[in-house]
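What follows is a single structure, written as structure tokens, with notes after it.
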Amino acid sequence: MSELETAMGMIIDVFAKYSGAEGNKQTLTKGELKTLLEKELPKFLSSVKDKEAADKLFKGLDENGDSEVDFNEFIIFVAAMTCCCHDYFVQK
């Protein structure tokens, strides 16, 4: 597989690894998302120490208001984070 295909597969695998622990295999609950961020993006989460900020992040990701983050909502977050990282490294 190409690097991009591998990266896409890894994103799918990470989502699947954390989704469904508390219910629906196709979505992340707030707890599952928190665990995913703690394990997969520890530096990002350490900058979001405020519980209110974490709640705002979850609400922002949960576009349809069902109190869960589905894969489409998750991938938007991953894309936005990737854009921020790209912009940061372009400036350096």
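Every chain in the structure tokens has a letter given in the order shown (A, B, ...), and although residue numbers restart at 1 in each chain, ligands are simply numbered from 1 in the order shown.
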Please report, as number ranges by chain, each residue of chain A to which DSSP assigns helix (DSSP H, G or I) when run on this structure's backbone.
A: 3-18, 30-40, 42-46, 51-61, 71-91
With C-alpha atoms retained, write the just-selected residues as a PDB file, in the first residue's frame.
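To be explicit, this is the file written out as again32.pdb:
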```
ATOM      1  CA  GLU A   3       1.871   5.894   2.353  1.00  0.00           C
ATOM      2  CA  LEU A   4      -1.468   7.665   1.988  1.00  0.00           C
ATOM      3  CA  GLU A   5      -3.410   4.385   1.863  1.00  0.00           C
ATOM      4  CA  THR A   6      -1.562   3.229   4.979  1.00  0.00           C
ATOM      5  CA  ALA A   7      -2.336   6.509   6.766  1.00  0.00           C
ATOM      6  CA  MET A   8      -6.023   6.241   5.863  1.00  0.00           C
ATOM      7  CA  GLY A   9      -6.137   2.667   7.143  1.00  0.00           C
ATOM      8  CA  MET A  10      -4.471   3.711  10.381  1.00  0.00           C
ATOM      9  CA  ILE A  11      -7.049   6.463  10.979  1.00  0.00           C
ATOM     10  CA  ILE A  12      -9.852   3.941  10.439  1.00  0.00           C
ATOM     11  CA  ASP A  13      -8.145   1.457  12.784  1.00  0.00           C
ATOM     12  CA  VAL A  14      -7.667   4.070  15.524  1.00  0.00           C
ATOM     13  CA  PHE A  15     -11.338   5.047  15.383  1.00  0.00           C
ATOM     14  CA  ALA A  16     -12.406   1.375  15.510  1.00  0.00           C
ATOM     15  CA  LYS A  17     -10.044   0.674  18.418  1.00  0.00           C
ATOM     16  CA  TYR A  18     -11.835   3.166  20.684  1.00  0.00           C
ATOM     17  CA  LYS A  30     -17.457  11.495  25.173  1.00  0.00           C
ATOM     18  CA  GLY A  31     -15.570   8.977  27.345  1.00  0.00           C
ATOM     19  CA  GLU A  32     -14.284   7.024  24.359  1.00  0.00           C
ATOM     20  CA  LEU A  33     -13.155  10.231  22.637  1.00  0.00           C
ATOM     21  CA  LYS A  34     -11.355  11.319  25.816  1.00  0.00           C
ATOM     22  CA  THR A  35      -9.546   7.964  25.992  1.00  0.00           C
ATOM     23  CA  LEU A  36      -8.620   8.183  22.310  1.00  0.00           C
ATOM     24  CA  LEU A  37      -7.183  11.676  22.791  1.00  0.00           C
ATOM     25  CA  GLU A  38      -5.289  10.636  25.946  1.00  0.00           C
ATOM     26  CA  LYS A  39      -3.684   7.678  24.164  1.00  0.00           C
ATOM     27  CA  GLU A  40      -3.284   8.930  20.593  1.00  0.00           C
ATOM     28  CA  PRO A  42      -1.443  13.089  24.569  1.00  0.00           C
ATOM     29  CA  LYS A  43       0.255  16.433  23.917  1.00  0.00           C
ATOM     30  CA  PHE A  44      -2.948  17.874  22.484  1.00  0.00           C
ATOM     31  CA  LEU A  45      -5.022  16.773  25.455  1.00  0.00           C
ATOM     32  CA  SER A  46      -2.477  18.082  27.952  1.00  0.00           C
ATOM     33  CA  LYS A  51     -12.962  20.252  31.459  1.00  0.00           C
ATOM     34  CA  GLU A  52     -15.096  23.000  29.953  1.00  0.00           C
ATOM     35  CA  ALA A  53     -12.754  23.210  26.941  1.00  0.00           C
ATOM     36  CA  ALA A  54     -12.934  19.433  26.479  1.00  0.00           C
ATOM     37  CA  ASP A  55     -16.742  19.614  26.626  1.00  0.00           C
ATOM     38  CA  LYS A  56     -16.724  22.387  24.006  1.00  0.00           C
ATOM     39  CA  LEU A  57     -14.497  20.237  21.778  1.00  0.00           C
ATOM     40  CA  PHE A  58     -16.917  17.317  22.046  1.00  0.00           C
ATOM     41  CA  LYS A  59     -19.951  19.515  21.364  1.00  0.00           C
ATOM     42  CA  GLY A  60     -18.172  21.050  18.383  1.00  0.00           C
ATOM     43  CA  LEU A  61     -17.397  17.630  16.931  1.00  0.00           C
ATOM     44  CA  PHE A  71     -16.595   8.601  11.868  1.00  0.00           C
ATOM     45  CA  ASN A  72     -17.487  11.521   9.596  1.00  0.00           C
ATOM     46  CA  GLU A  73     -17.405  13.927  12.545  1.00  0.00           C
ATOM     47  CA  PHE A  74     -14.133  12.373  13.757  1.00  0.00           C
ATOM     48  CA  ILE A  75     -12.440  12.653  10.358  1.00  0.00           C
ATOM     49  CA  ILE A  76     -13.291  16.361  10.200  1.00  0.00           C
ATOM     50  CA  PHE A  77     -11.448  16.768  13.514  1.00  0.00           C
ATOM     51  CA  VAL A  78      -8.447  14.784  12.216  1.00  0.00           C
ATOM     52  CA  ALA A  79      -8.355  16.882   9.027  1.00  0.00           C
ATOM     53  CA  ALA A  80      -8.569  20.142  10.993  1.00  0.00           C
ATOM     54  CA  MET A  81      -5.769  19.033  13.341  1.00  0.00           C
ATOM     55  CA  THR A  82      -3.665  18.013  10.340  1.00  0.00           C
ATOM     56  CA  CYS A  83      -4.190  21.441   8.739  1.00  0.00           C
ATOM     57  CA  CYS A  84      -3.149  23.177  11.979  1.00  0.00           C
ATOM     58  CA  CYS A  85      -0.016  21.030  12.187  1.00  0.00           C
ATOM     59  CA  HIS A  86       0.791  21.750   8.546  1.00  0.00           C
ATOM     60  CA  ASP A  87       0.383  25.495   9.060  1.00  0.00           C
ATOM     61  CA  TYR A  88       2.560  25.354  12.189  1.00  0.00           C
ATOM     62  CA  PHE A  89       5.403  23.527  10.424  1.00  0.00           C
ATOM     63  CA  VAL A  90       5.211  25.729   7.313  1.00  0.00           C
ATOM     64  CA  GLN A  91       5.791  28.760   9.562  1.00  0.00           C
TER      65      GLN A  91
END
```
Name the residues of chain A that come out as strand (DSSP E or B) in a backbone DSSP run; write them as a VMD selection string.
chain A and resid 27 to 28 69 to 70
Separation of atom CA of Leu41 of chain A from atom CA of Lys92 of chain A in Å:
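Those two atoms sit 21.0 Å apart.
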